[in-house]
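Written below as structure tokens is the structure these notes are about.
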Amino acid sequence: MTRTPQHLDDDGVAEAAAAWFVRLQAPDAAPQDWQAFEAWLQAAPVHARAYEHIEAIWVELDDQAPAIAAVLDTPRPAPRRDRRPAPRQAAVRRARWLGIGGAIAAGLAVAVFIAERPAPVAPATIYAAAPGQTRTIRLADGSQVRLNAASTLKVSFARDARRVELADAEAAFDVTHDAERPFLITVGDSQVRVVGTEFDLRHRAGATQLTVRRGVVEVRPGAGDQVVKVAAGQQLAHEDGSHVAVVTPVNADDAFAWTQGQLIYRDRPLSEVAADLTRRFGRPVSIADARTAAIRFTGVLVTDSEPAVLRRLESFAPVRAEQTAGGVVLRGR
Amino acid sequence: MARQGNSALIEVYLERRQDLVRFFTVRLRSAAAAEDLVQEIYLRLSSREGPDAEIQSPTAYLYRLGSNLMLDRMRGERRAAARDRAWRETHRTDVGSDEVDETPNALAALEARQRLERIVQAVTELGPQTQRVFRLHKLEGLSHTETAAQLGISRSAVEKHMIAVLKHLARRLP
């Protein structure tokens with residue numbers, strides 16, 4: 001990835017490359033944008049190199065995201081800007097280009113590390129998404145976890161296994177294949193074993209729901225001896241305290257819809273919709289009475305903003321959303 | 001749920017196949033590599049099952065899909081190295097000045113940490129609002145639209161902040 005930095009001194013090219021990269025990621029980029037981009041790439045070889053440099057940084061940021069967030073969250077003794085006297089930094093950098101500054105730079109880094117980072121006593125890391133917030137986490141093995149709102153996840157990787165604990169939470173997992181180190185999840189009173197696959201796992205109010213989109217997942221419900229295999233396109237449901245698990249065929253994409261900012265329901269009680277909206281927007285959505293709670297709902301809710309979702313819900317289901325001091329109350333019409 | 005199926009996308013793919021090969025030949029500097037990639041786009045299309053509601057322009061979607069496949073490959077190449085690092089971090093038993101030994105592994109871990117320090121430093125040099133956008137969009141995975149909503153700014157403002165982030169990081173990170 002290291003290459004001569006000359007072309008990067010050209011601010012204009014770096015900026016154009018960054019602008020192309022960001023614009024082409026937008027969902028409303030048009031075919032003409034791609035054609036114009038192709039022409040720009042061909043206009044000069046430095047353009048392509050500058051663009052590849054942006055891509056390399058982008059991918060590096062993906063991998064480093066949790067680490068960067070952790071360091072940014074660590075309180076610093078002195079404002080960071082004090083440590084940025086440009087001349088010294090630049091000198092070290094130039095020295096590194098010449099290949100003689102590595103040792104010096106490494107020495108500095110050791111000092112910085114020991115002073116600033118607390119000792120990693122327990123290797124477990126806790127990730128949380130607050131109500132109204134979702135997060136994407138990239139784990140050290142390359143696996144990706146999307147954490148739904150109001151969810152907590154504990155991760156600890158060891159030589160023999162990758163272990164995750166899921167309490168009151170929902171998360172969509174895309175697990176990197178590693179036959180040597182299985183991915184083990186404790187969810188409620190059950191154990192889930194994964195080798196490399198994509199699935200959504202939800203544990204709310206003592207009920208576990210596992211939906212597999214790719215590959216196969218093994219579950220030991222209620223920590224019993226029975227092992228249930230759940231394949232792509234299947235969903236397992238289990239209540240804590242029982243030894244029973246029910247596997248049914250489903251449209252797996254529905255369970256992942258929240259990762260795309262949607263909630264999909266097929267004949268679900270309104271109380272479930274209310275609980276999902278409470279987590280999604282971080283403001284209580286409650287049900288006025290038992291009759292309303294029993295209303296069955298089928299439909300897709302795009303969760304862009306709370307007022308818009310409530311408006312849609314009112315037009316899809318026979319309910320009215322009433323604003324109160326304590327949050328929103330859904331009442332049957 | 002509106003589902004247009006994949007046949008519409010595949011039709012557009014067949015129509016645009018030559019354009020895609022030409023574009024990815026420019027990107028990959030190899031016609032053979034471009035053919036492979038464009039073939040992989042086809043495989044993704046035929047195994048795709050998700051709802052198509054978010055696709056505004058099928059043609060632009062095909063270009064983006066191919067470009068993301070390129071990013072995935074780069075990611076895959078990085079991961080082997082990342083795994084080695086994770087190994088070392090999780091198996092540190094003794095922490096203190098004594099634990100820094102001179103094995104190649106320790107040096108690799110050190111280099112990775114140094115690199116991380118450098119990234120973080122570059123990020124902290126950005127303006128506060130730009131840092132907030134970077135954090136929500138890149139670290140927490142919100143889309144441009146979600147980031148804009150969270151901060152109460154327009155989507156084009158989010159894009160401008162992200163351009164500033166990438167431009168700055170490109171200058172500060174070799």
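Simple scheme: letters A, B, ... for chains in structure tokens order, numbers from 1 for residues in each chain, numbers from 1 for ligands in the order shown.
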
Backbone DSSP call of alpha helix (DSSP H) for segment 102-263 of chain A, listed as a PyMOL selection string:
chain A and resi 102-116+252-256

With C-alpha atoms retained, export the selected residues as an mmCIF file, in the first residue's frame.
data_model
loop_
_atom_site.group_PDB
_atom_site.id
_atom_site.type_symbol
_atom_site.label_atom_id
_atom_site.label_comp_id
_atom_site.auth_asym_id
_atom_site.auth_seq_id
_atom_site.Cartn_x
_atom_site.Cartn_y
_atom_site.Cartn_z
ATOM 1 C CA GLY A 102 11.336 3.208 11.696
ATOM 2 C CA ALA A 103 13.106 2.386 14.915
ATOM 3 C CA ILE A 104 12.729 5.889 16.298
ATOM 4 C CA ALA A 105 9.079 5.988 15.371
ATOM 5 C CA ALA A 106 8.542 2.568 16.931
ATOM 6 C CA GLY A 107 10.150 3.743 20.182
ATOM 7 C CA LEU A 108 7.771 6.684 20.322
ATOM 8 C CA ALA A 109 4.812 4.443 19.711
ATOM 9 C CA VAL A 110 5.698 2.146 22.614
ATOM 10 C CA ALA A 111 5.804 5.088 24.995
ATOM 11 C CA VAL A 112 2.513 6.400 23.737
ATOM 12 C CA PHE A 113 0.858 3.028 24.000
ATOM 13 C CA ILE A 114 1.907 2.232 27.537
ATOM 14 C CA ALA A 115 1.018 5.657 28.818
ATOM 15 C CA GLU A 116 -2.360 5.941 27.176
ATOM 16 C CA ALA A 252 -34.990 -14.908 5.773
ATOM 17 C CA ASP A 253 -34.642 -11.405 4.331
ATOM 18 C CA ASP A 254 -37.566 -10.257 6.494
ATOM 19 C CA ALA A 255 -35.546 -10.809 9.653
ATOM 20 C CA PHE A 256 -32.679 -8.702 8.254
#

Near chain B, meaning an atom within 6 Å, which residues of chain A appear when counting only C-alpha atoms? Write them as number ranges by chain.
A: 2, 14-15, 18-19, 30-31, 59, 65, 109, 123, 135-136, 140-141

Segment 165-174 of chain A: which residues within 7 Å, counting only C-alpha atoms, same-chain residues fewer than 6 positions away excluded, as a tab-separated table (two decimals) with N, CA and C atoms, in the first residue's frame?
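Full text of out23.tsv as output:
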chain	number	residue	atom	x	y	z
A	143	SER	N	-15.32	-10.88	10.95
A	143	SER	CA	-16.78	-11.04	11.00
A	143	SER	C	-17.44	-9.68	11.21
A	144	GLN	N	-18.65	-9.57	10.69
A	144	GLN	CA	-19.36	-8.31	10.87
A	144	GLN	C	-20.64	-8.54	11.66
A	145	VAL	N	-20.90	-7.63	12.59
A	145	VAL	CA	-22.12	-7.71	13.39
A	145	VAL	C	-22.85	-6.39	13.29
A	146	ARG	N	-24.11	-6.46	12.90
A	146	ARG	CA	-24.92	-5.23	12.96
A	146	ARG	C	-25.80	-5.35	14.18
A	147	LEU	N	-25.69	-4.37	15.07
A	147	LEU	CA	-26.37	-4.42	16.35
A	147	LEU	C	-27.61	-3.54	16.25
A	148	ASN	N	-28.78	-4.13	16.54
A	148	ASN	CA	-30.01	-3.35	16.48
A	148	ASN	C	-30.13	-2.46	17.72
A	150	ALA	N	-31.03	-0.66	21.16
A	150	ALA	CA	-31.25	-1.17	22.52
A	150	ALA	C	-30.73	-2.60	22.65
A	151	SER	N	-29.46	-2.81	22.30
A	151	SER	CA	-28.88	-4.16	22.34
A	151	SER	C	-27.48	-4.11	22.90
A	152	THR	N	-27.10	-5.18	23.59
A	152	THR	CA	-25.75	-5.29	24.15
A	152	THR	C	-25.17	-6.64	23.79
A	153	LEU	N	-23.86	-6.64	23.51
A	153	LEU	CA	-23.19	-7.83	23.03
A	153	LEU	C	-21.82	-7.91	23.71
A	154	LYS	N	-21.45	-9.10	24.18
A	154	LYS	CA	-20.13	-9.26	24.81
A	154	LYS	C	-19.32	-10.21	23.94
A	155	VAL	N	-18.12	-9.80	23.58
A	155	VAL	CA	-17.30	-10.58	22.65
A	155	VAL	C	-15.97	-10.91	23.31
A	185	ILE	N	-22.11	-18.75	20.49
A	185	ILE	CA	-22.93	-17.67	21.06
A	185	ILE	C	-23.78	-18.23	22.19
A	186	THR	N	-23.77	-17.54	23.33
A	186	THR	CA	-24.69	-17.87	24.40
A	186	THR	C	-25.84	-16.88	24.31
A	187	VAL	N	-27.05	-17.41	24.16
A	187	VAL	CA	-28.22	-16.54	24.04
A	187	VAL	C	-29.30	-17.08	24.96
A	188	GLY	N	-29.68	-16.30	25.99
A	188	GLY	CA	-30.63	-16.80	26.97
A	188	GLY	C	-30.06	-18.07	27.57
A	197	THR	N	-21.25	-18.16	8.47
A	197	THR	CA	-22.57	-18.03	7.88
A	197	THR	C	-23.15	-16.67	8.21
A	198	GLU	N	-24.36	-16.44	7.73
A	198	GLU	CA	-25.02	-15.16	7.95
A	198	GLU	C	-26.39	-15.42	8.56
A	199	PHE	N	-26.66	-14.79	9.69
A	199	PHE	CA	-27.93	-15.05	10.36
A	199	PHE	C	-28.29	-13.88	11.25
A	200	ASP	N	-29.57	-13.80	11.60
A	200	ASP	CA	-30.06	-12.77	12.52
A	200	ASP	C	-30.48	-13.47	13.80
A	201	LEU	N	-30.05	-12.94	14.94
A	201	LEU	CA	-30.34	-13.56	16.23
A	201	LEU	C	-30.97	-12.52	17.13
A	202	ARG	N	-32.11	-12.89	17.68
A	202	ARG	CA	-32.87	-11.92	18.48
A	202	ARG	C	-33.25	-12.58	19.79
A	203	HIS	N	-33.01	-11.89	20.90
A	203	HIS	CA	-33.42	-12.40	22.20
A	203	HIS	C	-34.09	-11.26	22.95
A	204	ARG	N	-35.42	-11.31	23.02
A	204	ARG	CA	-36.17	-10.25	23.69
A	204	ARG	C	-37.19	-10.92	24.59
A	256	PHE	N	-33.81	-9.62	8.41
A	256	PHE	CA	-32.68	-8.70	8.25
A	256	PHE	C	-33.13	-7.30	7.85
